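The file structure38.txt contains compact mmCIF, C-alpha atoms and all ligand atoms:
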```txt
# COMPACT_ATOMS: atom_id res chain seq x y z
CA MET P 1 0.00 0.00 0.00
CA ALA P 2 2.73 2.45 1.10
CA GLY P 3 4.75 1.48 -1.99
CA SER P 4 2.01 2.54 -4.42
CA THR P 5 1.47 5.87 -2.63
CA TRP P 6 5.12 6.96 -3.00
CA THR P 7 5.94 5.79 -6.52
CA ALA P 8 5.43 7.50 -9.88
CA GLU P 9 2.47 5.14 -10.43
CA ALA P 10 0.64 6.55 -7.37
CA PRO P 11 -3.15 6.77 -7.76
CA GLY P 12 -4.28 9.91 -9.59
CA GLY P 13 -0.73 10.50 -10.90
CA TRP P 14 -0.07 13.25 -8.33
CA LEU P 15 3.49 12.17 -7.56
CA ALA P 16 4.40 11.78 -11.24
CA ARG P 17 3.08 15.30 -11.88
CA TRP P 18 5.22 16.79 -9.12
CA LEU P 19 8.29 14.87 -10.27
CA ALA P 20 7.77 16.10 -13.84
CA ALA P 21 7.49 19.70 -12.64
CA CYS P 22 10.78 19.37 -10.72
CA ALA P 23 12.48 17.01 -13.21
CA ASP P 24 15.66 19.03 -13.84
CA LEU P 25 16.33 19.49 -10.15
CA ALA P 26 15.42 15.88 -9.37
CA ASP P 27 18.04 14.71 -11.92
CA LEU P 28 20.69 17.01 -10.45
CA HIS P 29 19.71 15.92 -6.97
CA ALA P 30 20.38 12.32 -7.93
CA SER P 31 23.77 12.98 -9.49
CA ASN P 32 25.40 16.28 -8.52
CA PRO P 33 27.52 16.73 -5.38
CA LEU P 34 26.72 20.47 -5.21
CA VAL P 35 23.03 19.77 -4.62
CA ASP P 36 21.75 18.93 -1.14
CA ALA P 37 25.33 18.46 0.09
CA VAL P 38 25.96 17.66 3.74
CA ILE P 39 28.63 20.00 5.13
CA ASP P 40 30.77 18.08 7.61
CA GLU P 41 33.12 20.84 8.75
CA VAL P 42 33.67 24.57 8.38
CA HIS P 43 37.01 26.34 8.55
CA GLY P 44 36.67 30.01 7.64
CA ARG P 45 35.13 30.03 4.16
CA ARG P 46 36.44 26.54 3.50
CA ILE P 47 34.00 23.70 4.00
CA ARG P 48 34.33 19.92 3.97
CA VAL P 49 31.81 17.72 2.18
CA GLY P 50 32.79 14.09 2.83
CA GLY P 51 36.46 13.83 1.83
CA GLN P 52 36.49 17.03 -0.25
CA TRP P 53 37.49 20.49 1.02
CA LEU P 54 35.92 23.33 -0.97
CA ILE P 55 35.98 27.12 -0.93
CA ASP P 56 32.49 28.37 -0.24
CA PHE P 57 31.21 30.78 -2.88
CA ALA P 58 27.57 29.96 -2.11
CA SER P 59 27.38 31.81 1.21
CA CYS P 60 25.07 34.79 1.60
CA ASN P 61 26.87 35.82 4.82
CA TYR P 62 28.05 38.87 2.90
CA LEU P 63 29.68 40.72 5.82
CA GLY P 64 31.27 37.56 7.21
CA LEU P 65 29.58 38.07 10.59
CA ASP P 66 29.02 34.30 10.94
CA LEU P 67 32.78 34.02 11.53
CA ASP P 68 33.42 37.40 13.16
CA GLN P 69 35.16 37.09 16.54
CA GLU P 70 33.39 40.13 18.02
CA VAL P 71 30.00 38.55 17.26
CA LEU P 72 31.02 35.02 18.29
CA GLN P 73 32.44 36.18 21.62
CA ALA P 74 29.42 38.32 22.49
CA ILE P 75 26.77 35.60 22.09
CA PRO P 76 27.40 33.44 25.23
CA ALA P 77 26.55 36.35 27.58
CA TYR P 78 23.16 36.72 25.87
CA LEU P 79 22.53 32.98 26.21
CA GLU P 80 23.30 33.16 29.94
CA ARG P 81 20.84 36.00 30.34
CA TRP P 82 17.99 34.87 28.06
CA GLY P 83 18.42 31.11 27.64
CA THR P 84 18.84 29.52 24.22
CA HIS P 85 15.30 30.10 22.99
CA PRO P 86 12.47 32.41 24.04
CA SER P 87 9.73 29.97 22.85
CA TRP P 88 6.84 32.47 23.04
CA SER P 89 5.39 33.88 19.83
CA ARG P 90 6.09 37.61 19.87
CA MET P 91 2.52 38.39 20.88
CA LEU P 92 2.86 36.09 23.91
CA GLY P 93 6.17 37.56 25.04
CA SER P 94 8.99 39.42 23.29
CA PRO P 95 12.41 39.58 24.94
CA ALA P 96 13.46 43.25 25.12
CA LEU P 97 16.14 42.44 22.54
CA TYR P 98 13.51 42.80 19.82
CA GLU P 99 12.71 46.37 20.85
CA GLU P 100 16.41 47.25 21.01
CA ILE P 101 16.97 45.89 17.50
CA GLU P 102 13.87 47.64 16.12
CA VAL P 103 14.99 51.01 17.50
CA ARG P 104 18.50 50.68 16.05
CA LEU P 105 17.23 49.27 12.77
CA THR P 106 14.64 52.02 12.27
CA GLU P 107 17.33 54.65 12.79
CA LEU P 108 19.71 52.88 10.38
CA LEU P 109 17.08 52.64 7.65
CA GLY P 110 15.78 56.15 8.19
CA ALA P 111 12.28 54.63 8.14
CA GLU P 112 9.30 55.55 10.31
CA ASP P 113 9.21 52.25 12.20
CA SER P 114 10.02 48.56 11.82
CA LEU P 115 8.69 45.19 12.97
CA LEU P 116 10.79 42.05 13.39
CA LEU P 117 9.58 38.55 12.57
CA PRO P 118 11.61 35.35 12.17
CA THR P 119 11.88 35.12 8.38
CA LEU P 120 10.95 36.82 5.13
CA THR P 121 8.92 33.77 4.20
CA HIS P 122 6.73 34.46 7.24
CA ILE P 123 6.57 38.16 6.41
CA HIS P 124 5.49 37.72 2.79
CA ALA P 125 2.79 35.19 3.70
CA ALA P 126 1.47 37.49 6.43
CA VAL P 127 1.94 41.06 5.24
CA ILE P 128 1.07 40.86 1.53
CA PRO P 129 -2.46 39.51 2.25
CA VAL P 130 -3.04 42.32 4.78
CA LEU P 131 -1.88 45.01 2.34
CA ALA P 132 -3.74 43.57 -0.65
CA ASP P 133 -7.03 42.75 1.10
CA GLN P 134 -9.63 42.31 -1.74
CA GLY P 135 -7.64 44.49 -4.15
CA THR P 136 -4.98 43.76 -6.78
CA ILE P 137 -1.36 42.62 -6.53
CA PHE P 138 0.99 43.48 -9.40
CA LEU P 139 3.87 41.00 -9.25
CA ASP P 140 7.21 41.37 -11.04
CA ALA P 141 7.78 38.24 -13.15
CA ARG P 142 11.15 37.58 -11.47
CA ALA P 143 10.12 38.23 -7.90
CA HIS P 144 11.44 35.70 -5.39
CA LYS P 145 9.37 32.53 -4.97
CA THR P 146 8.56 33.43 -1.36
CA ILE P 147 6.97 36.70 -2.52
CA TYR P 148 4.92 34.75 -5.07
CA ASP P 149 3.79 32.37 -2.33
CA GLY P 150 2.70 35.33 -0.18
CA CYS P 151 0.68 36.59 -3.15
CA VAL P 152 -1.00 33.20 -3.49
CA VAL P 153 -2.09 33.41 0.16
CA ALA P 154 -3.48 36.89 -0.57
CA ARG P 155 -5.34 35.49 -3.58
CA ALA P 156 -6.93 32.86 -1.35
CA HIS P 157 -8.16 35.77 0.82
CA GLY P 158 -9.80 37.45 -2.19
CA ALA P 159 -7.07 39.52 -3.87
CA THR P 160 -6.48 39.42 -7.64
CA LEU P 161 -2.96 38.59 -8.80
CA VAL P 162 -1.51 39.90 -12.07
CA ARG P 163 2.09 39.70 -13.28
CA PHE P 164 4.15 42.13 -15.31
CA GLY P 165 7.46 41.72 -17.17
CA HIS P 166 10.58 41.85 -15.03
CA ASP P 167 11.71 45.38 -14.23
CA ASP P 168 9.32 46.85 -16.82
CA PRO P 169 7.64 50.01 -15.46
CA ALA P 170 5.79 50.62 -18.75
CA ALA P 171 4.12 47.20 -18.51
CA LEU P 172 3.18 47.92 -14.90
CA GLN P 173 1.76 51.31 -15.83
CA ARG P 174 -0.57 49.73 -18.41
CA LEU P 175 -1.88 47.30 -15.79
CA LEU P 176 -2.29 50.01 -13.14
CA ARG P 177 -4.41 52.07 -15.54
CA ARG P 178 -6.68 49.09 -16.18
CA ARG P 179 -7.32 48.16 -12.54
CA THR P 180 -8.37 51.08 -10.42
CA ASP P 181 -10.49 49.49 -7.69
CA GLY P 182 -9.40 48.40 -4.19
CA PRO P 183 -5.95 48.48 -2.59
CA ARG P 184 -3.09 48.00 -5.02
CA VAL P 185 0.24 46.43 -4.10
CA ILE P 186 3.27 46.19 -6.40
CA CYS P 187 5.66 43.40 -5.35
CA MET P 188 9.27 42.83 -6.36
CA ASP P 189 12.80 42.12 -5.13
CA GLY P 190 15.12 44.95 -4.14
CA VAL P 191 18.53 43.65 -5.19
CA ASN P 192 17.39 40.64 -7.21
CA SER P 193 18.48 37.29 -5.81
CA MET P 194 19.54 35.87 -9.17
CA THR P 195 20.60 38.79 -11.33
CA GLY P 196 22.25 40.75 -8.50
CA ASN P 197 20.75 43.94 -9.94
CA PRO P 198 18.46 46.54 -8.33
CA PRO P 199 15.09 47.45 -9.86
CA ARG P 200 14.33 50.73 -11.66
CA LEU P 201 13.22 51.97 -8.29
CA ALA P 202 12.65 55.66 -9.06
CA GLU P 203 10.20 54.75 -11.85
CA PHE P 204 8.36 52.13 -9.79
CA ALA P 205 8.14 54.42 -6.76
CA ALA P 206 6.76 57.23 -8.94
CA LEU P 207 4.11 54.87 -10.36
CA ALA P 208 3.13 53.71 -6.87
CA ARG P 209 2.71 57.33 -5.71
CA GLU P 210 0.84 58.40 -8.84
CA HIS P 211 -1.61 55.46 -8.60
CA ASP P 212 -1.93 55.45 -4.80
CA ALA P 213 -0.42 51.96 -4.63
CA VAL P 214 2.06 50.42 -2.17
CA LEU P 215 5.42 49.35 -3.53
CA TYR P 216 6.38 46.24 -1.53
CA LEU P 217 10.10 45.40 -1.78
CA ASP P 218 12.11 42.37 -0.63
CA ASP P 219 15.70 43.54 -0.20
CA ALA P 220 17.09 40.32 1.30
CA HIS P 221 20.29 40.74 -0.73
CA GLY P 222 20.70 44.51 -0.58
CA PHE P 223 20.28 45.14 3.15
CA GLY P 224 23.72 45.16 4.79
CA VAL P 225 25.44 45.36 1.41
CA VAL P 226 24.32 48.60 -0.27
CA GLY P 227 23.45 51.87 1.40
CA GLU P 228 23.20 55.63 1.19
CA ARG P 229 25.58 57.36 -1.19
CA SER P 230 28.12 59.83 0.09
CA PRO P 231 31.06 61.75 -1.43
CA ASP P 232 33.47 60.03 0.98
CA GLU P 233 32.10 56.49 0.51
CA PRO P 234 34.88 53.89 0.50
CA CYS P 235 33.27 51.94 -2.36
CA PRO P 236 30.33 52.21 -4.78
CA TYR P 237 28.10 50.15 -2.46
CA GLY P 238 27.67 53.38 -0.50
CA ARG P 239 27.70 53.72 3.29
CA ARG P 240 26.01 51.99 6.23
CA GLY P 241 24.41 49.14 4.27
CA ASN P 242 20.94 50.56 4.89
CA GLY P 243 19.39 48.96 1.82
CA VAL P 244 18.30 49.60 -1.72
CA VAL P 245 15.82 52.42 -0.99
CA ARG P 246 18.50 54.58 0.61
CA HIS P 247 21.12 53.47 -1.92
CA LEU P 248 19.00 54.74 -4.78
CA GLY P 249 18.14 57.98 -2.99
CA GLU P 250 14.42 57.23 -2.55
CA THR P 251 12.14 58.02 0.39
CA TYR P 252 9.77 55.50 2.02
CA GLU P 253 6.67 57.33 0.83
CA HIS P 254 4.35 54.58 -0.55
CA ILE P 255 7.13 52.02 -0.03
CA VAL P 256 7.04 49.08 2.39
CA LEU P 257 10.55 47.65 2.65
CA THR P 258 11.14 44.10 3.83
CA ALA P 259 14.54 42.47 4.27
CA GLY P 260 16.29 39.90 6.38
CA PHE P 261 19.19 39.57 8.75
CA SER P 262 19.75 36.02 7.52
CA LYS P 263 22.14 37.05 4.77
CA ALA P 264 24.46 40.00 5.51
CA TYR P 265 23.91 39.69 9.29
CA SER P 266 23.99 35.87 9.55
CA SER P 267 20.92 35.68 11.85
CA LEU P 268 17.51 34.06 11.64
CA LEU P 269 15.54 37.30 11.71
CA ALA P 270 13.71 39.54 9.22
CA PHE P 271 11.86 42.84 9.24
CA VAL P 272 9.23 44.98 7.65
CA ALA P 273 9.90 48.75 7.65
CA CYS P 274 6.60 50.60 7.63
CA PRO P 275 4.60 53.45 9.21
CA PRO P 276 3.62 52.95 12.90
CA ALA P 277 -0.08 52.52 11.99
CA LEU P 278 0.74 49.53 9.79
CA LYS P 279 3.01 48.10 12.51
CA ARG P 280 0.13 48.32 15.03
CA LEU P 281 -2.17 46.56 12.56
CA LEU P 282 0.37 43.81 11.82
CA LYS P 283 0.73 43.13 15.55
CA VAL P 284 -2.86 41.90 15.57
CA ALA P 285 -3.36 40.81 11.95
CA ALA P 286 -0.10 39.10 10.93
CA PRO P 287 -0.28 35.41 11.93
CA PRO P 288 3.49 34.93 12.62
CA TYR P 289 3.40 37.70 15.26
CA LEU P 290 0.62 35.86 17.02
CA TYR P 291 1.29 32.20 16.32
CA SER P 292 4.85 31.46 15.08
CA GLY P 293 7.86 30.44 17.14
CA PRO P 294 10.47 33.19 17.55
CA SER P 295 14.06 33.73 16.46
CA PRO P 296 16.57 31.96 18.73
CA THR P 297 18.50 34.06 21.26
CA ALA P 298 21.79 33.57 19.37
CA SER P 299 20.19 35.14 16.28
CA LEU P 300 18.75 38.10 18.19
CA ALA P 301 22.16 38.61 19.81
CA SER P 302 24.09 38.35 16.56
CA ALA P 303 21.71 40.82 14.88
CA LEU P 304 22.15 43.30 17.73
CA VAL P 305 25.92 42.93 17.96
CA GLY P 306 26.06 42.89 14.16
CA LEU P 307 24.39 46.30 14.04
CA GLY P 308 27.24 47.56 16.25
CA VAL P 309 29.85 45.96 14.00
CA ASN P 310 28.11 47.51 11.02
CA ALA P 311 28.34 50.96 12.61
CA ASP P 312 32.04 50.51 13.50
CA ARG P 313 33.48 48.50 10.62
CA GLY P 314 30.69 47.86 8.12
CA ASP P 315 31.98 50.22 5.45
CA GLN P 316 35.41 48.58 5.66
CA LEU P 317 33.86 45.11 5.25
CA ARG P 318 31.80 46.33 2.29
CA ALA P 319 34.90 47.80 0.63
CA ALA P 320 36.61 44.39 0.87
CA LEU P 321 33.44 42.71 -0.43
CA TYR P 322 33.30 45.10 -3.38
CA ALA P 323 36.99 44.67 -4.28
CA ARG P 324 36.72 40.87 -4.34
CA THR P 325 33.44 40.90 -6.26
CA ARG P 326 34.99 43.27 -8.79
CA ARG P 327 37.88 40.86 -9.35
CA VAL P 328 35.45 38.05 -10.26
CA LEU P 329 33.39 40.29 -12.56
CA ASP P 330 36.48 41.67 -14.31
CA HIS P 331 37.85 38.17 -14.81
CA LEU P 332 34.61 36.97 -16.39
CA ALA P 333 34.76 39.95 -18.74
CA GLU P 334 38.36 39.01 -19.69
CA LEU P 335 37.17 35.46 -20.36
CA GLY P 336 34.46 36.83 -22.65
CA ALA P 337 31.82 35.16 -20.46
CA SER P 338 28.47 36.75 -19.78
CA THR P 339 26.87 37.34 -16.41
CA LEU P 340 23.47 38.74 -15.53
CA ASN P 341 25.16 41.09 -13.04
CA THR P 342 25.41 44.65 -14.30
CA SER P 343 25.46 46.28 -10.84
CA GLY P 344 28.75 45.14 -9.30
CA PHE P 345 26.83 43.80 -6.27
CA PRO P 346 28.02 40.45 -4.92
CA ILE P 347 25.65 38.01 -6.68
CA ILE P 348 27.19 36.73 -9.89
CA GLU P 349 25.17 34.35 -12.03
CA VAL P 350 27.24 32.75 -14.81
CA PRO P 351 25.11 31.11 -17.54
CA LEU P 352 26.48 28.17 -19.53
CA ALA P 353 26.52 28.12 -23.33
CA GLU P 354 24.58 24.85 -23.18
CA PRO P 355 22.03 24.36 -20.35
CA ASP P 356 22.29 20.56 -20.54
CA GLU P 357 25.91 20.83 -19.35
CA LEU P 358 24.91 21.97 -15.87
CA ASP P 359 25.59 18.63 -14.21
CA ARG P 360 29.07 18.46 -15.79
CA ALA P 361 29.87 22.06 -14.80
CA GLY P 362 28.75 21.40 -11.21
CA ARG P 363 30.88 18.26 -10.93
CA PHE P 364 33.88 20.08 -12.38
CA LEU P 365 33.58 22.89 -9.83
CA PHE P 366 33.16 20.39 -6.99
CA ASP P 367 36.15 18.30 -8.09
CA ARG P 368 38.30 21.47 -8.31
CA GLY P 369 37.24 22.54 -4.81
CA ILE P 370 34.75 25.30 -5.60
CA TYR P 371 31.38 25.35 -3.87
CA ALA P 372 28.76 27.31 -5.87
CA THR P 373 24.97 27.42 -6.20
CA LEU P 374 23.61 25.70 -9.30
CA ALA P 375 21.05 27.82 -11.17
CA PHE P 376 18.71 25.21 -12.61
CA TYR P 377 15.51 25.37 -14.68
CA PRO P 378 12.79 26.39 -13.76
CA GLY P 379 14.39 28.41 -10.96
CA VAL P 380 15.89 30.47 -13.80
CA PRO P 381 14.89 30.60 -17.51
CA ARG P 382 16.57 27.88 -19.61
CA GLU P 383 18.93 30.35 -21.31
CA GLU P 384 20.25 31.41 -17.90
CA VAL P 385 20.98 27.94 -16.55
CA GLY P 386 24.44 28.03 -14.99
CA PHE P 387 25.87 28.69 -11.54
CA ARG P 388 25.78 31.52 -9.04
CA LEU P 389 28.87 32.77 -7.22
CA GLN P 390 28.73 34.92 -4.11
CA VAL P 391 31.74 36.52 -2.54
CA THR P 392 31.69 37.51 1.13
CA ALA P 393 33.93 39.75 3.20
CA ALA P 394 35.24 36.56 4.85
CA ASN P 395 36.65 35.15 1.60
CA SER P 396 40.38 35.82 1.24
CA ASP P 397 42.12 37.18 -1.86
CA GLU P 398 43.89 33.81 -2.18
CA GLU P 399 40.52 32.06 -2.30
CA VAL P 400 39.43 34.40 -5.08
CA ASP P 401 42.72 33.61 -6.92
CA GLU P 402 41.80 29.92 -6.76
CA LEU P 403 38.29 30.61 -8.03
CA LEU P 404 39.56 32.57 -11.03
CA ALA P 405 42.01 29.80 -11.96
CA VAL P 406 39.21 27.21 -11.81
CA LEU P 407 36.94 29.41 -13.94
CA ASP P 408 39.69 29.47 -16.61
CA GLU P 409 39.87 25.68 -16.58
CA LEU P 410 36.10 25.28 -16.55
CA ALA P 411 35.65 27.53 -19.57
CA GLU P 412 37.94 25.16 -21.53
CA VAL P 413 35.84 22.11 -20.64
CA VAL P 414 32.27 23.44 -20.35
CA PRO P 415 31.79 26.58 -22.46
CA LEU P 416 30.30 29.57 -20.67
CA ARG P 417 27.70 31.68 -22.44
CA PRO P 418 29.62 34.33 -24.37
CA ALA P 419 29.11 37.97 -23.47
CA GLY P 420 27.22 40.32 -25.77
C1 LIG Y 1 15.04 37.50 -2.18
C2 LIG Y 1 14.76 36.53 -1.07
N1 LIG Y 1 13.62 36.67 -0.36
C3 LIG Y 1 13.31 35.83 0.63
C4 LIG Y 1 14.13 34.79 0.98
C5 LIG Y 1 13.72 33.89 2.11
O1 LIG Y 1 14.21 34.46 3.28
P1 LIG Y 1 13.90 33.81 4.71
O2 LIG Y 1 14.88 32.71 4.90
O3 LIG Y 1 14.12 34.95 5.67
O4 LIG Y 1 12.50 33.33 4.69
C6 LIG Y 1 15.33 34.60 0.29
C7 LIG Y 1 16.23 33.50 0.69
O5 LIG Y 1 17.07 33.02 0.06
C8 LIG Y 1 15.65 35.50 -0.76
O6 LIG Y 1 16.77 35.34 -1.47
```
With the file now loaded, output its structure as structure tokens.
Amino acid sequence: MAGSTWTAEAPGGWLARWLAACADLADLHASNPLVDAVIDEVHGRRIRVGGQWLIDFASCNYLGLDLDQEVLQAIPAYLERWGTHPSWSRMLGSPALYEEIEVRLTELLGAEDSLLLPTLTHIHAAVIPVLADQGTIFLDARAHKTIYDGCVVARAHGATLVRFGHDDPAALQRLLRRRTDGPRVICMDGVNSMTGNPPRLAEFAALAREHDAVLYLDDAHGFGVVGERSPDEPCPYGRRGNGVVRHLGETYEHIVLTAGFSKAYSSLLAFVACPPALKRLLKVAAPPYLYSGPSPTASLASALVGLGVNADRGDQLRAALYARTRRVLDHLAELGASTLNTSGFPIIEVPLAEPDELDRAGRFLFDRGIYATLAFYPGVPREEVGFRLQVTAANSDEEVDELLAVLDELAEVVPLRPAG
């Protein structure tokens, strides 16, 4: 009985349908050591998978705070004081650490207020339905899957969901003119998780203001990395890492910014930056505030200490991050290989000339000691199938040297998609 339920011949064909939808990933999962790998040991940005040591270029710990001695040494005192895990949902009891982080975060962002919840996945599923109510959601075609899932929850609550072409304000404008009733929410990534590029924010923000809509942004990859511009900035990422809205010189008028600490700040924690009235509403209307387990103490502590590190040394860390990212981008240009990244931010997707070569490329990287994220279909369009490299402030220049040498070898064996 159990056998027939869990095989491709299962009654109704449901399992076969799911397997077909995920076929490319299922094949990679069966054969490629970069997929679903078990990490046995970590030493700086070097990791051990079974008998193989690799340099980690798949980490989103952009500022390297996961390995930062100041953060590591501060955490035990918080554990002594608060225990390992608060256990209450925030509504039932919030350790004062949350308030401390919200105050510091709101000041850093230059926003009106902010609310912390454990993850962006929770935030999208909870906040988008509240904002959209019975109105319309306009979703960028390349928005992160967790935003899409939040929109699907909103649709189940009565909202209408329409999609527009990626980063195409003209397409959005046509849709906004057609649908004028009810609340309107425009959803997209800040710094996009696959291209590494920011949206045409000024144009989208202007459309939101003109049509009395809310522009809802997920800046998981920009927060902590890019920030406000300044004549004395040490690198083009700007200062303070206060996110894509500040980086692009926008205000928060008609913008709800969400982002997470789980990337640049290495903590299981996320936030929504919004006016105080929306924060009050979310405290009673957003299910994770009422019902979900909280972030662990170590994450609250590392976010709080991380905000201090950001104030003291963040711009220095970002300058190192920029310099190393630039080396990878310049090398790809010398190789004549294309990348989706036009921003210089530290997410570098490298498409292959031939999508069917992904398994071979992944094995080659693994065998040469490079750990990268495979960009498979349908996570990316077929013509963009390849691998994603992320540099962090904790990678050394020597590790980048090794990466560049392996990219040279790889390009000889598995052609990369040519630039232009
Ligand atoms: C753009 C983007 N949004 C949301 C998420 C999910 O974040 P969380 O783990 O906080 O739910 C990710 C994670 O990779 C992401 O890249």
Please tell me which residues are no farther than 12 Å from (16.8, 40.8, 18.2) in the file, counting all atoms listed in the file, and write them as a ChimeraX atom specification. /P:75,78,82,85-86,90,94-105,115-118,260-261,265,267-271,294-307
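Rounded to one decimal, CA of Arg163 in chain P and CA of Leu139 in chain P lie 4.6 Å from each other.
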Would you mind telling me which residue in P:Asn32, P:Ser262, P:Ser89, P:Thr195 lies nearest to ligand LIG 1 (chain Y) when using only C-alpha atoms and all ligand atoms? P:Ser262
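Of the listed residues (P:Cys22, P:Leu72, P:Ala77, P:Ala208), P:Ala208 comes nearest to Phe138 in chain P; the distances count all atoms listed in the file.
When all atoms listed in the file are used to compute distances to Cys151 in chain P, the closest of the residues P:Ser4, P:Ala205, P:Tyr216, P:Ala170 turns out to be P:Tyr216.
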Minimum-distance residue to Thr258 in chain P, chosen among P:Thr392, P:Gln134, P:Asn242, P:Gln316 (using all atoms listed in the file): P:Asn242
CA of Tyr148 in chain P sits from CA of Ala286 in chain P at a separation of 17.3 Å
List as a PyMOL selection string the protein and nucleic acid residues lying within 6 Å of ligand LIG 1 (chain Y), with all atoms listed in the file counted. chain P and resi 119-121+144+146+189+193+218+220+260+270
May I have the selected residues written with C-alpha atoms, as a JSON list (two decimals), in the frame of the given file?
```
[["chain", "number", "residue", "atom", "x", "y", "z"],
["P", 119, "THR", "CA", 11.88, 35.12, 8.38],
["P", 120, "LEU", "CA", 10.95, 36.82, 5.13],
["P", 121, "THR", "CA", 8.92, 33.77, 4.20],
["P", 144, "HIS", "CA", 11.44, 35.70, -5.39],
["P", 146, "THR", "CA", 8.56, 33.43, -1.36],
["P", 189, "ASP", "CA", 12.80, 42.12, -5.13],
["P", 193, "SER", "CA", 18.48, 37.29, -5.81],
["P", 218, "ASP", "CA", 12.11, 42.37, -0.63],
["P", 220, "ALA", "CA", 17.09, 40.32, 1.30],
["P", 260, "GLY", "CA", 16.29, 39.90, 6.38],
["P", 270, "ALA", "CA", 13.71, 39.54, 9.22]]
```
Return as JSON the centre and edge lengths, in Å with one decimal, of the box along x, y and z that encloses every atom of range 124-143 of chain P in the file, padded by 4 Å per side.
```
{"center_x": 0.8, "center_y": 40.1, "center_z": -3.4, "size_x": 28.8, "size_y": 17.8, "size_z": 27.6}
```
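In this structure, CA of Pro275 in chain P sits 15.8 Å away from CA of Glu250 in chain P.
For Val152 in chain P, the set of protein, DNA and RNA residues having any atom at most 10 Å away, when counting all atoms listed in the file and skipping those fewer than 3 positions along the same chain, is Ala125, Ile128, Pro129, Ile137, Thr146, Ile147, Tyr148, Asp149, Arg155, Ala156, His157, Gly158, Ala159, Thr160 and Leu161 of chain P.
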Go ahead and write the selection's residues with C-alpha atoms as a short mmCIF file (atom, residue, chain, number, x, y, z; two decimals), keeping the file's coordinate frame.
```cif
data_model
loop_
_atom_site.label_atom_id
_atom_site.label_comp_id
_atom_site.auth_asym_id
_atom_site.auth_seq_id
_atom_site.Cartn_x
_atom_site.Cartn_y
_atom_site.Cartn_z
CA ALA P 125 2.79 35.19 3.70
CA ILE P 128 1.07 40.86 1.53
CA PRO P 129 -2.46 39.51 2.25
CA ILE P 137 -1.36 42.62 -6.53
CA THR P 146 8.56 33.43 -1.36
CA ILE P 147 6.97 36.70 -2.52
CA TYR P 148 4.92 34.75 -5.07
CA ASP P 149 3.79 32.37 -2.33
CA ARG P 155 -5.34 35.49 -3.58
CA ALA P 156 -6.93 32.86 -1.35
CA HIS P 157 -8.16 35.77 0.82
CA GLY P 158 -9.80 37.45 -2.19
CA ALA P 159 -7.07 39.52 -3.87
CA THR P 160 -6.48 39.42 -7.64
CA LEU P 161 -2.96 38.59 -8.80
#
```
Got a sec: who's within 12 Å of range 25-27 of chain P, counting all atoms listed in the file, leaving out chain neighbours fewer than 5 positions off, as number ranges by chain? P: 16, 18-20, 32-36, 356, 358-359, 374-380, 385
I want to know what sits within 10 Å of range 406-409 of chain P, based on all atoms listed in the file, with residues of the same chain fewer than 3 positions away left out; could you give that as JSON, numbers by chain? {"P": [328, 331, 332, 335, 364, 365, 368, 369, 370, 400, 401, 402, 403, 412, 413, 414, 416]}
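Shortest atom-to-atom contact with Arg48 in chain P among P:Ala311, P:Tyr371, P:Ala10, P:Ala202: P:Tyr371, counting only C-alpha atoms.
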Using only C-alpha atoms for the distances, tell me which of P:Tyr252, P:Phe57, P:Phe345, P:Trp14 is nearest to Gly224 in chain P. P:Phe345
Quick one: everything within 8 Å of Ala126 in chain P, counting only C-alpha atoms, minus sequence neighbours fewer than 5 positions away in the same chain. Send it as a list in words. Gly150, Ala286, Pro287 and Pro288 of chain P
